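S.K.: Next comes my_file_21.cif, mmCIF, C-alpha atoms:
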data_model
#
loop_
_atom_site.label_atom_id
_atom_site.label_comp_id
_atom_site.auth_asym_id
_atom_site.auth_seq_id
_atom_site.Cartn_x
_atom_site.Cartn_y
_atom_site.Cartn_z
CA MET A 1 -23.17 6.04 4.49
CA TYR A 2 -20.69 7.72 6.80
CA LYS A 3 -21.92 11.13 7.97
CA ARG A 4 -19.59 13.21 10.06
CA ARG A 5 -20.26 15.95 12.60
CA GLY A 6 -19.39 19.50 11.48
CA LYS A 7 -16.02 20.99 12.27
CA VAL A 8 -15.22 24.38 13.75
CA PHE A 9 -12.77 26.58 11.85
CA VAL A 10 -11.36 29.41 13.92
CA VAL A 11 -9.67 32.28 12.12
CA SER A 12 -7.60 34.69 14.21
CA GLY A 13 -4.96 37.28 13.48
CA PRO A 14 -3.98 40.86 14.15
CA SER A 15 -6.18 43.78 13.22
CA GLY A 16 -5.49 44.85 9.64
CA VAL A 17 -4.18 41.47 8.46
CA GLY A 18 -7.20 40.81 6.23
CA LYS A 19 -9.12 38.13 8.17
CA GLY A 20 -12.51 39.57 7.22
CA THR A 21 -11.85 39.46 3.48
CA LEU A 22 -10.47 35.92 3.72
CA VAL A 23 -13.53 34.65 5.56
CA GLU A 24 -15.84 36.45 3.12
CA GLU A 25 -14.17 34.72 0.15
CA VAL A 26 -14.35 31.30 1.82
CA LEU A 27 -18.08 31.75 2.47
CA LYS A 28 -18.59 32.41 -1.24
CA LYS A 29 -16.70 29.24 -2.21
CA ARG A 30 -17.64 26.66 0.42
CA ASP A 31 -20.82 25.65 2.25
CA ILE A 32 -19.70 26.85 5.68
CA HIS A 33 -21.78 28.70 8.22
CA LEU A 34 -20.36 31.94 9.64
CA SER A 35 -21.04 32.06 13.35
CA ILE A 36 -22.46 35.38 14.57
CA SER A 37 -21.28 36.48 18.01
CA CYS A 38 -23.32 37.99 20.82
CA THR A 39 -22.16 41.28 22.23
CA SER A 40 -23.17 43.58 25.08
CA ARG A 41 -21.85 46.60 23.20
CA ALA A 42 -24.31 49.01 21.57
CA PRO A 43 -24.75 48.61 17.81
CA ARG A 44 -22.86 51.09 15.62
CA HIS A 45 -25.03 52.92 13.09
CA ASN A 46 -24.22 50.52 10.21
CA GLU A 47 -24.48 47.28 12.21
CA ARG A 48 -27.47 44.99 11.89
CA GLU A 49 -28.94 42.60 14.48
CA GLY A 50 -28.22 38.97 13.56
CA VAL A 51 -25.92 39.97 10.71
CA ASP A 52 -23.01 41.67 12.45
CA TYR A 53 -23.88 40.60 16.00
CA PHE A 54 -26.70 39.53 18.23
CA PHE A 55 -27.01 42.55 20.50
CA ILE A 56 -28.02 41.79 24.09
CA ASN A 57 -27.69 43.83 27.26
CA LYS A 58 -24.93 43.30 29.79
CA GLU A 59 -27.22 41.66 32.40
CA ASP A 60 -28.41 39.06 29.90
CA PHE A 61 -24.84 38.45 28.80
CA LEU A 62 -23.66 37.87 32.37
CA GLU A 63 -26.60 35.55 33.00
CA LYS A 64 -25.63 33.50 29.93
CA ILE A 65 -22.06 33.27 31.22
CA ASP A 66 -23.43 31.95 34.54
CA LYS A 67 -25.49 29.37 32.68
CA ASN A 68 -22.38 28.27 30.73
CA ALA A 69 -24.18 29.14 27.51
CA PHE A 70 -21.08 30.35 25.64
CA ALA A 71 -18.64 28.18 23.74
CA GLU A 72 -16.20 31.06 24.18
CA TRP A 73 -16.45 34.61 25.50
CA ALA A 74 -14.20 37.53 26.34
CA GLU A 75 -14.43 41.01 27.83
CA VAL A 76 -12.74 43.68 25.73
CA TYR A 77 -12.63 47.28 27.03
CA GLY A 78 -15.69 46.64 29.23
CA ASN A 79 -17.76 45.09 26.43
CA TYR A 80 -18.58 41.39 26.27
CA TYR A 81 -18.35 39.23 23.16
CA GLY A 82 -19.20 35.55 22.91
CA THR A 83 -20.31 32.58 20.76
CA PRO A 84 -23.49 30.85 22.02
CA LYS A 85 -23.09 27.07 22.34
CA ALA A 86 -26.64 26.48 21.03
CA GLU A 87 -25.84 28.37 17.83
CA LEU A 88 -22.76 26.21 17.21
CA GLU A 89 -24.52 22.96 18.08
CA LYS A 90 -27.39 23.68 15.69
CA HIS A 91 -25.01 23.54 12.71
CA LEU A 92 -22.40 21.02 13.87
CA SER A 93 -25.04 18.39 14.70
CA LYS A 94 -26.31 18.64 11.12
CA GLY A 95 -22.77 17.96 9.85
CA GLN A 96 -22.26 21.56 8.78
CA ASP A 97 -18.90 23.22 9.30
CA VAL A 98 -18.84 26.56 11.10
CA ILE A 99 -16.29 29.36 10.83
CA LEU A 100 -15.53 31.75 13.68
CA GLU A 101 -13.52 34.94 13.40
CA ILE A 102 -12.38 35.41 17.00
CA GLU A 103 -9.30 36.41 18.95
CA MET A 104 -6.73 34.25 20.65
CA LEU A 105 -8.37 33.84 24.07
CA GLY A 106 -11.65 32.75 22.50
CA ALA A 107 -9.79 30.36 20.22
CA ALA A 108 -8.15 28.68 23.22
CA GLN A 109 -11.60 28.20 24.81
CA ILE A 110 -12.92 26.56 21.63
CA LYS A 111 -9.98 24.15 21.62
CA GLU A 112 -10.70 23.22 25.25
CA LEU A 113 -14.34 22.42 24.43
CA GLY A 114 -13.29 19.12 22.88
CA GLU A 115 -15.07 20.07 19.68
CA ASP A 116 -13.38 19.07 16.42
CA ALA A 117 -11.77 22.49 15.95
CA VAL A 118 -9.12 23.68 13.51
CA LEU A 119 -7.31 26.86 14.57
CA ILE A 120 -5.83 29.08 11.88
CA PHE A 121 -3.77 32.21 12.49
CA VAL A 122 -3.32 34.82 9.77
CA LEU A 123 0.02 36.62 9.74
CA PRO A 124 1.25 39.63 7.77
CA PRO A 125 4.37 39.02 5.60
CA ASN A 126 6.19 41.21 8.14
CA LEU A 127 5.34 43.80 10.79
CA LYS A 128 6.14 46.72 8.50
CA THR A 129 3.38 45.66 6.10
CA LEU A 130 0.90 45.42 8.98
CA LYS A 131 1.95 48.85 10.24
CA ASN A 132 1.47 50.37 6.80
CA ARG A 133 -1.99 48.82 6.50
CA LEU A 134 -3.02 50.20 9.88
CA ILE A 135 -1.66 53.67 8.97
CA SER A 136 -3.51 53.70 5.63
CA ARG A 137 -6.80 52.89 7.40
CA LYS A 138 -6.48 56.24 9.24
CA THR A 139 -8.62 55.00 12.13
CA GLU A 140 -5.93 55.08 14.82
CA ASP A 141 -3.08 57.39 15.82
CA SER A 142 0.55 56.24 15.81
CA SER A 143 0.68 55.36 19.52
CA ALA A 144 -2.41 53.12 19.17
CA ILE A 145 -0.79 51.49 16.14
CA GLU A 146 2.47 50.91 18.05
CA ALA A 147 0.43 49.33 20.86
CA ARG A 148 -1.25 47.01 18.37
CA LEU A 149 2.06 45.92 16.84
CA SER A 150 3.54 45.19 20.23
CA CYS A 151 0.37 43.23 21.11
CA THR A 152 0.79 41.24 17.88
CA MET A 153 4.34 40.26 18.84
CA ASP A 154 3.02 39.11 22.23
CA GLU A 155 0.34 37.04 20.52
CA LEU A 156 2.89 35.27 18.35
CA LYS A 157 4.31 33.72 21.51
CA HIS A 158 1.05 31.78 21.85
CA LEU A 159 0.93 30.63 18.26
CA SER A 160 1.54 27.03 19.36
CA ASN A 161 -2.17 26.83 20.27
CA TYR A 162 -2.90 27.09 16.56
CA ASP A 163 -2.85 24.27 14.04
CA TYR A 164 -2.11 26.29 10.91
CA TYR A 165 -0.78 29.71 9.93
CA LEU A 166 -1.25 31.68 6.75
CA VAL A 167 0.89 34.53 5.50
CA ASN A 168 -1.37 37.05 3.80
CA LYS A 169 0.89 38.45 1.07
CA ASN A 170 -1.61 38.13 -1.74
CA ILE A 171 -5.30 37.70 -0.97
CA ASP A 172 -6.11 35.30 -3.87
CA LEU A 173 -3.23 33.01 -2.95
CA THR A 174 -4.09 33.12 0.74
CA VAL A 175 -7.74 32.26 0.00
CA ASP A 176 -6.56 29.17 -1.93
CA GLU A 177 -4.29 28.19 0.93
CA LEU A 178 -7.13 28.59 3.43
CA LEU A 179 -9.38 26.46 1.19
CA SER A 180 -6.75 23.69 1.07
CA ILE A 181 -6.68 23.66 4.87
CA ILE A 182 -10.49 23.53 5.04
CA ASP A 183 -10.84 20.89 2.31
CA SER A 184 -8.17 18.64 3.80
CA GLN A 185 -10.02 18.44 7.13
CA ALA A 186 -12.83 16.42 5.56
CA HIS A 187 -10.28 13.62 5.20
CA ARG A 188 -8.86 13.45 8.69
CA VAL A 189 -8.97 10.02 10.29
CA SER A 190 -11.19 10.40 13.36
CA LYS A 191 -12.42 8.05 16.09
CA ASP A 192 -15.93 8.30 14.61
CA PHE A 193 -14.71 7.28 11.19
CA ILE A 194 -12.80 4.23 12.48
CA GLU A 195 -15.85 3.16 14.51
CA TYR A 196 -18.01 3.46 11.41
CA LEU A 197 -15.63 1.21 9.42
CA GLU A 198 -15.38 -1.34 12.21
CA GLU A 199 -19.12 -1.57 12.69
CA SER A 200 -19.86 -1.79 9.00
CA GLU A 201 -17.51 -4.76 8.47
CA ARG A 202 -17.43 -5.51 4.77
CA GLN A 203 -20.51 -3.43 4.04
CA PHE A 204 -18.95 -0.01 4.35
CA SER A 205 -20.01 2.59 1.86
CA LEU A 206 -18.01 5.81 1.58
CA MET B 1 13.39 34.13 5.39
CA TYR B 2 11.85 31.09 7.03
CA LYS B 3 12.96 27.86 5.34
CA ARG B 4 11.40 24.66 6.56
CA ARG B 5 12.66 21.08 6.44
CA GLY B 6 10.92 18.79 3.95
CA LYS B 7 7.99 16.65 5.00
CA VAL B 8 7.40 12.97 4.36
CA PHE B 9 4.11 11.99 2.74
CA VAL B 10 3.28 8.32 3.11
CA VAL B 11 0.60 6.84 0.86
CA SER B 12 -0.75 3.39 1.75
CA GLY B 13 -3.80 1.39 0.80
CA PRO B 14 -4.92 -2.00 -0.43
CA SER B 15 -3.71 -3.47 -3.69
CA GLY B 16 -5.94 -2.30 -6.54
CA VAL B 17 -7.12 0.90 -4.85
CA GLY B 18 -5.24 3.16 -7.26
CA LYS B 19 -2.33 4.44 -5.12
CA GLY B 20 0.14 4.31 -8.01
CA THR B 21 -1.98 6.50 -10.30
CA LEU B 22 -2.62 8.98 -7.48
CA VAL B 23 1.08 9.36 -6.70
CA GLU B 24 1.92 9.68 -10.40
CA GLU B 25 -0.56 12.57 -10.78
CA VAL B 26 0.76 14.33 -7.68
CA LEU B 27 4.33 14.12 -9.01
CA LYS B 28 3.18 15.86 -12.19
CA LYS B 29 1.54 18.68 -10.25
CA ARG B 30 3.83 19.33 -7.29
CA ASP B 31 7.57 19.52 -6.70
CA ILE B 32 7.79 16.36 -4.56
CA HIS B 33 10.45 13.68 -4.72
CA LEU B 34 9.29 10.07 -5.05
CA SER B 35 11.39 7.89 -2.80
CA ILE B 36 12.69 4.72 -4.48
CA SER B 37 12.88 1.65 -2.22
CA CYS B 38 15.65 -0.89 -1.97
CA THR B 39 14.70 -4.53 -2.44
CA SER B 40 16.45 -7.87 -2.21
CA ARG B 41 14.05 -9.37 -4.73
CA ALA B 42 15.23 -10.01 -8.30
CA PRO B 43 14.14 -7.42 -10.88
CA ARG B 44 11.19 -8.39 -13.09
CA HIS B 45 11.81 -8.04 -16.81
CA ASN B 46 10.26 -4.56 -17.09
CA GLU B 47 11.80 -3.13 -13.90
CA ARG B 48 14.70 -0.70 -14.03
CA GLU B 49 17.42 -0.10 -11.44
CA GLY B 50 16.94 3.25 -9.66
CA VAL B 51 13.56 3.80 -11.29
CA ASP B 52 11.41 1.03 -9.84
CA TYR B 53 13.79 -0.09 -7.11
CA PHE B 54 17.40 -0.16 -6.08
CA PHE B 55 18.18 -3.85 -6.39
CA ILE B 56 20.68 -5.19 -3.86
CA ASN B 57 21.39 -8.71 -2.71
CA LYS B 58 20.00 -10.16 0.50
CA GLU B 59 23.36 -10.09 2.36
CA ASP B 60 23.80 -6.37 1.64
CA PHE B 61 20.21 -5.74 2.69
CA LEU B 62 20.69 -7.54 6.02
CA GLU B 63 23.93 -5.63 6.61
CA LYS B 64 22.09 -2.34 6.04
CA ILE B 65 19.44 -3.41 8.56
CA ASP B 66 22.21 -4.11 11.09
CA LYS B 67 23.68 -0.69 10.45
CA ASN B 68 20.24 0.90 11.02
CA ALA B 69 20.43 2.35 7.52
CA PHE B 70 16.70 2.06 6.77
CA ALA B 71 14.03 4.56 7.72
CA GLU B 72 11.60 1.65 7.34
CA TRP B 73 11.86 -1.91 6.07
CA ALA B 74 9.77 -5.05 5.88
CA GLU B 75 10.09 -8.66 4.80
CA VAL B 76 7.31 -9.79 2.45
CA TYR B 77 7.24 -13.45 1.32
CA GLY B 78 10.98 -13.78 1.98
CA ASN B 79 11.92 -10.62 0.07
CA TYR B 80 13.12 -7.47 1.78
CA TYR B 81 11.96 -3.95 0.97
CA GLY B 82 13.15 -0.75 2.60
CA THR B 83 13.68 3.02 2.38
CA PRO B 84 17.31 4.12 2.96
CA LYS B 85 17.64 6.87 5.57
CA ALA B 86 20.37 8.62 3.56
CA GLU B 87 18.09 8.87 0.54
CA LEU B 88 15.36 10.53 2.63
CA GLU B 89 17.75 12.86 4.42
CA LYS B 90 19.27 14.12 1.16
CA HIS B 91 15.92 15.62 0.14
CA LEU B 92 14.40 16.58 3.49
CA SER B 93 17.48 18.57 4.53
CA LYS B 94 17.13 20.65 1.36
CA GLY B 95 13.52 21.45 2.32
CA GLN B 96 12.12 19.14 -0.32
CA ASP B 97 9.07 17.03 0.42
CA VAL B 98 9.27 13.30 -0.24
CA ILE B 99 6.46 10.88 -1.04
CA LEU B 100 6.60 7.17 -0.11
CA GLU B 101 4.23 4.51 -1.36
CA ILE B 102 4.62 1.86 1.33
CA GLU B 103 2.48 -0.51 3.36
CA MET B 104 1.15 -0.16 6.88
CA LEU B 105 4.10 -1.60 8.83
CA GLY B 106 6.57 0.64 7.03
CA ALA B 107 4.30 3.64 7.59
CA ALA B 108 4.29 2.98 11.33
CA GLN B 109 8.12 2.93 11.34
CA ILE B 110 8.24 6.28 9.53
CA LYS B 111 5.92 7.79 12.14
CA GLU B 112 8.18 6.52 14.93
CA LEU B 113 11.25 8.15 13.34
CA GLY B 114 10.13 11.52 14.63
CA GLU B 115 10.30 12.90 11.10
CA ASP B 116 7.59 15.38 10.10
CA ALA B 117 5.46 12.70 8.42
CA VAL B 118 1.90 12.81 7.09
CA LEU B 119 0.26 9.39 6.72
CA ILE B 120 -2.50 9.00 4.15
CA PHE B 121 -4.54 5.84 3.58
CA VAL B 122 -6.43 5.31 0.32
CA LEU B 123 -9.72 3.41 0.61
CA PRO B 124 -12.04 2.01 -2.04
CA PRO B 125 -15.65 3.34 -1.92
CA ASN B 126 -16.57 -0.17 -0.70
CA LEU B 127 -15.08 -3.66 -0.72
CA LYS B 128 -17.17 -4.77 -3.70
CA THR B 129 -15.50 -2.12 -5.89
CA LEU B 130 -12.07 -3.27 -4.75
CA LYS B 131 -12.98 -6.91 -5.44
CA ASN B 132 -14.14 -6.01 -8.95
CA ARG B 133 -10.93 -4.12 -9.66
CA LEU B 134 -8.82 -7.07 -8.53
CA ILE B 135 -10.91 -9.48 -10.65
CA SER B 136 -10.59 -7.30 -13.76
CA ARG B 137 -6.78 -7.23 -13.38
CA LYS B 138 -6.82 -11.02 -13.94
CA THR B 139 -3.53 -11.43 -12.06
CA GLU B 140 -4.87 -13.44 -9.14
CA ASP B 141 -7.36 -16.26 -8.63
CA SER B 142 -10.47 -15.85 -6.49
CA SER B 143 -8.97 -17.35 -3.33
CA ALA B 144 -6.01 -14.95 -3.50
CA ILE B 145 -8.47 -12.09 -4.00
CA GLU B 146 -10.54 -13.20 -1.00
CA ALA B 147 -7.34 -13.32 1.07
CA ARG B 148 -6.50 -9.76 -0.02
CA LEU B 149 -9.96 -8.48 0.93
CA SER B 150 -9.80 -10.09 4.32
CA CYS B 151 -6.32 -8.59 4.80
CA THR B 152 -7.72 -5.16 3.88
CA MET B 153 -10.40 -5.46 6.57
CA ASP B 154 -7.66 -6.33 9.10
CA GLU B 155 -5.65 -3.31 8.02
CA LEU B 156 -8.58 -0.97 8.57
CA LYS B 157 -8.36 -1.79 12.28
CA HIS B 158 -5.01 -0.01 12.33
CA LEU B 159 -6.20 3.04 10.45
CA SER B 160 -5.79 5.19 13.58
CA ASN B 161 -2.05 5.33 12.82
CA TYR B 162 -2.93 7.41 9.78
CA ASP B 163 -3.62 11.14 9.69
CA TYR B 164 -5.84 11.26 6.61
CA TYR B 165 -7.92 8.93 4.47
CA LEU B 166 -9.07 9.30 0.89
CA VAL B 167 -11.93 7.44 -0.78
CA ASN B 168 -10.92 6.76 -4.37
CA LYS B 169 -14.28 6.94 -6.17
CA ASN B 170 -13.14 9.21 -8.96
CA ILE B 171 -9.44 9.60 -9.68
CA ASP B 172 -9.56 13.33 -10.64
CA LEU B 173 -11.44 14.20 -7.47
CA THR B 174 -9.18 12.08 -5.31
CA VAL B 175 -6.07 13.71 -6.81
CA ASP B 176 -7.49 17.14 -5.86
CA GLU B 177 -8.22 15.92 -2.36
CA LEU B 178 -4.70 14.55 -1.99
CA LEU B 179 -3.29 17.87 -3.25
CA SER B 180 -5.32 19.78 -0.64
CA ILE B 181 -3.82 17.56 2.07
CA ILE B 182 -0.31 18.10 0.71
CA ASP B 183 -0.73 21.86 0.20
CA SER B 184 -2.22 22.38 3.66
CA GLN B 185 0.84 20.85 5.35
CA ALA B 186 3.02 23.78 4.28
CA HIS B 187 0.97 25.87 6.72
CA ARG B 188 1.15 23.74 9.85
CA VAL B 189 2.38 25.56 12.93
CA SER B 190 5.59 23.77 13.95
CA LYS B 191 8.12 24.21 16.75
CA ASP B 192 10.66 25.38 14.14
CA PHE B 193 8.30 28.03 12.83
CA ILE B 194 7.55 29.43 16.29
CA GLU B 195 11.27 29.54 17.09
CA TYR B 196 11.92 31.43 13.87
CA LEU B 197 9.29 34.05 14.76
CA GLU B 198 10.54 34.42 18.32
CA GLU B 199 14.14 34.85 17.26
CA SER B 200 13.34 37.27 14.49
CA GLU B 201 11.42 39.63 16.83
CA ARG B 202 9.93 42.38 14.70
CA GLN B 203 12.12 41.59 11.71
CA PHE B 204 10.37 38.45 10.59
CA SER B 205 9.98 38.00 6.89
CA LEU B 206 7.59 35.31 5.61
#
Would you encode the structure as structure tokens?

M.R.:
Amino acid sequence: MYKRRGKVFVVSGPSGVGKGTLVEEVLKKRDIHLSISCTSRAPRHNEREGVDYFFINKEDFLEKIDKNAFAEWAEVYGNYYGTPKAELEKHLSKGQDVILEIEMLGAAQIKELGEDAVLIFVLPPNLKTLKNRLISRKTEDSSAIEARLSCTMDELKHLSNYDYYLVNKNIDLTVDELLSIIDSQAHRVSKDFIEYLEESERQFSL
Amino acid sequence: MYKRRGKVFVVSGPSGVGKGTLVEEVLKKRDIHLSISCTSRAPRHNEREGVDYFFINKEDFLEKIDKNAFAEWAEVYGNYYGTPKAELEKHLSKGQDVILEIEMLGAAQIKELGEDAVLIFVLPPNLKTLKNRLISRKTEDSSAIEARLSCTMDELKHLSNYDYYLVNKNIDLTVDELLSIIDSQAHRVSKDFIEYLEESERQFSL
């Protein structure tokens, strides 16, 4: 029987667009592993080791960077965040798909890895909707929100790195759309698949 | 609002694999136009003009080839088959997706057109299943069936031209898989989409 390697699904998008909820719903509906990042930042009071992040100190993080142990990493406001290669490999080699919720720079690194990666960007229906969502969260003042919106417009210029986009107007609809993207990937013609067919001659079993 | 051009879905696969049933089910469930081919072959008694084919004579067919009027065409056992460009354009320009059930050589021509085309190949779970289906049809003798199977194995060598494959074990499941491929295409990041976002600045509406 043909057994494929796992695929990496990367979900990115501006703060407030609803990425977290989307990923949560997908995890309920499909057998996909959610990759947990490492970070050098201190845990917040409600964050749990190995659930929200793997918390390591800055020295250890830098050492891992030197050893090329991250599939992707980034420094954000002096804190480091990254996805350990070993963690990814553990699942992909078993044929299990992995989902990563990371930002644009990390996504580009994943694409460069040569891993079978599918990059998905979640957009708001328009910037006004995103602004309203950020305002209703009440976690940032208006200048921080304006900075975020301007950052989002900058990000859109790099959207060509992504394979798919979703417009999160209605969460149930967007979940279904994300599932169609995920499900369709199991049927992509790959080099591995063609090799399997060629080697199996008339005996292939699918 | 962003309005995209229609996409072309090409469905190919060996005789007896169930392509026709799959396409029929998709047409019931999605707003896709089934492209009707032209042929120079004489209509069979149950075939209707404009439903099964557009029947034209050989001279007219050859003239259309000269005029580059076909998006794809092929000669099979002395008969010509082809998809008129005008017929495709009529739907694609309105943003409507079109599905084509054509063989491998035609599929390759569609890909070369530069049209936004998605190529899907339908496989049997194994060659034995395909052989049994062809036998139970009782339309061909065993040497013709052996020739078909050998032709199928040759075709598989060119599977890399295709974007997706489906394994038709269970028709209901395979229809769902085909729908996930079709649905996911509406979310592909394209040059057109990026241009729309860039031009719309903060005013984008999706």

S.K.: Name the residues in contact with Gln203 (chain A) at a cut-off of 10 Å, using only C-alpha atoms, excluding same-chain residues fewer than 6 positions from it; report them as a list in words.

M.R.: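 Residues near the query, excluding close chain neighbours: Met1 and Leu197 of chain A; Asn126, Leu127 and Lys128 of chain B.
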
S.K.: Contacts of Ile110 (chain B) at 8 Å or less, counting only C-alpha atoms, minus same-chain residues fewer than 5 places along, as a PDB file with C-alpha atoms, in the coordinates of the input?

M.R.:
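What landed in part-v3.pdb:
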ATOM      1  CA  ALA B  71      14.030   4.560   7.720  1.00  0.00           C
ATOM      2  CA  GLU B  72      11.600   1.650   7.340  1.00  0.00           C
ATOM      3  CA  GLU B 115      10.300  12.900  11.100  1.00  0.00           C
ATOM      4  CA  ALA B 117       5.460  12.700   8.420  1.00  0.00           C
TER       5      ALA B 117
END

S.K.: For the structure shown, which residues end up in the PyMOL selection byres ((chain A and resi 145-158) around 8)? Put them as a PyMOL selection string, please?

M.R.: (chain A and resi 14-15+104+127+130-131+134-135+140-144+159-161) or (chain B and resi 194+197-198+201-202)

S.K.: Hey, what's within 9 Å of region 92-94 of chain B if we count only C-alpha atoms and toss same-chain stuff fewer than 4 positions away? As a PDB file with C-alpha atoms, in the coordinates of the input, please?

M.R.:
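Here's the written file part-v7.pdb:
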ATOM      1  CA  ARG B   4      11.400  24.660   6.560  1.00  0.00           C
ATOM      2  CA  ARG B   5      12.660  21.080   6.440  1.00  0.00           C
ATOM      3  CA  GLY B   6      10.920  18.790   3.950  1.00  0.00           C
ATOM      4  CA  LYS B   7       7.990  16.650   5.000  1.00  0.00           C
ATOM      5  CA  VAL B   8       7.400  12.970   4.360  1.00  0.00           C
ATOM      6  CA  LEU B  88      15.360  10.530   2.630  1.00  0.00           C
ATOM      7  CA  VAL B  98       9.270  13.300  -0.240  1.00  0.00           C
TER       8      VAL B  98
END

S.K.: Calculated over all atoms listed in the file, which of the candidates A:Gly78, A:Phe61, A:Tyr2, A:Ile171 has the smallest distance to chain B?

M.R.: A:Tyr2

S.K.: I need the contact residues of chain B against chain A, so if you could list those with any atom within 6 Å, counting only C-alpha atoms, and return them as a list in words, that would help.

M.R.: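 Taking only C-alpha atoms into account, Pro125, Asn126, Asp163, Tyr164, Tyr165, Ser180, Ile181, Ser184, His187, Arg188, Val189, Phe204, Ser205 and Leu206 of chain B sit within 6 Å of chain A.
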
S.K.: When you count only C-alpha atoms, which of these residues is closest to Gly82 (chain B): B:Glu101, B:Cys38, B:Asp52, B:Gly114?

M.R.: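 Between B:Glu101, B:Cys38, B:Asp52, B:Gly114, the residue approaching Gly82 (chain B) most closely is B:Cys38.
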
S.K.: Report, in Å with one decimal, the straight-line distance from CA of Glu103 (chain A) to CA of Val11 (chain A).

M.R.: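 Between CA of Glu103 (chain A) and CA of Val11 (chain A) the gap works out to 8.0 Å.
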
S.K.: Report the distance between CA of Glu75 (chain A) and CA of Ile36 (chain A) in Å, rounded to one decimal place.

M.R.: 16.5 Å

S.K.: Report as a PyMOL selection string the residues that result from applying the PyMOL selection byres ((chain A and resi 24) around 12) to the structure here.

M.R.: chain A and resi 11+18-23+25-34+99-101+171+175+178

S.K.: State, in Å with one decimal place, the distance from CA of Val17 (chain B) to CA of Val122 (chain B).

M.R.: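 Separating CA of Val17 (chain B) from CA of Val122 (chain B) is a distance of 6.8 Å.
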
S.K.: Can you report as AutoDock Vina command-line options the centre and edge lengths in Å, to one decimal, of an axis-aligned box around the listed atoms of region 73-77 of chain A padded with 3 Å on each side?

M.R.:
--center_x -14.5 --center_y 40.9 --center_z 26.7 --size_x 9.8 --size_y 18.7 --size_z 8.3

S.K.: Which residues are close to Tyr53 (chain B), i.e. within 12 Å by all atoms listed in the file, leaving aside same-chain residues fewer than 3 positions away? Reply as a CSV table (one decimal) with C-alpha atoms, in the coordinates of the input.

M.R.:
chain,number,residue,atom,x,y,z
B,34,LEU,CA,9.3,10.1,-5.0
B,35,SER,CA,11.4,7.9,-2.8
B,36,ILE,CA,12.7,4.7,-4.5
B,37,SER,CA,12.9,1.6,-2.2
B,38,CYS,CA,15.6,-0.9,-2.0
B,39,THR,CA,14.7,-4.5,-2.4
B,40,SER,CA,16.4,-7.9,-2.2
B,41,ARG,CA,14.0,-9.4,-4.7
B,42,ALA,CA,15.2,-10.0,-8.3
B,43,PRO,CA,14.1,-7.4,-10.9
B,44,ARG,CA,11.2,-8.4,-13.1
B,46,ASN,CA,10.3,-4.6,-17.1
B,47,GLU,CA,11.8,-3.1,-13.9
B,48,ARG,CA,14.7,-0.7,-14.0
B,49,GLU,CA,17.4,-0.1,-11.4
B,50,GLY,CA,16.9,3.2,-9.7
B,56,ILE,CA,20.7,-5.2,-3.9
B,80,TYR,CA,13.1,-7.5,1.8
B,81,TYR,CA,12.0,-4.0,1.0
B,82,GLY,CA,13.2,-0.8,2.6
B,83,THR,CA,13.7,3.0,2.4
B,84,PRO,CA,17.3,4.1,3.0
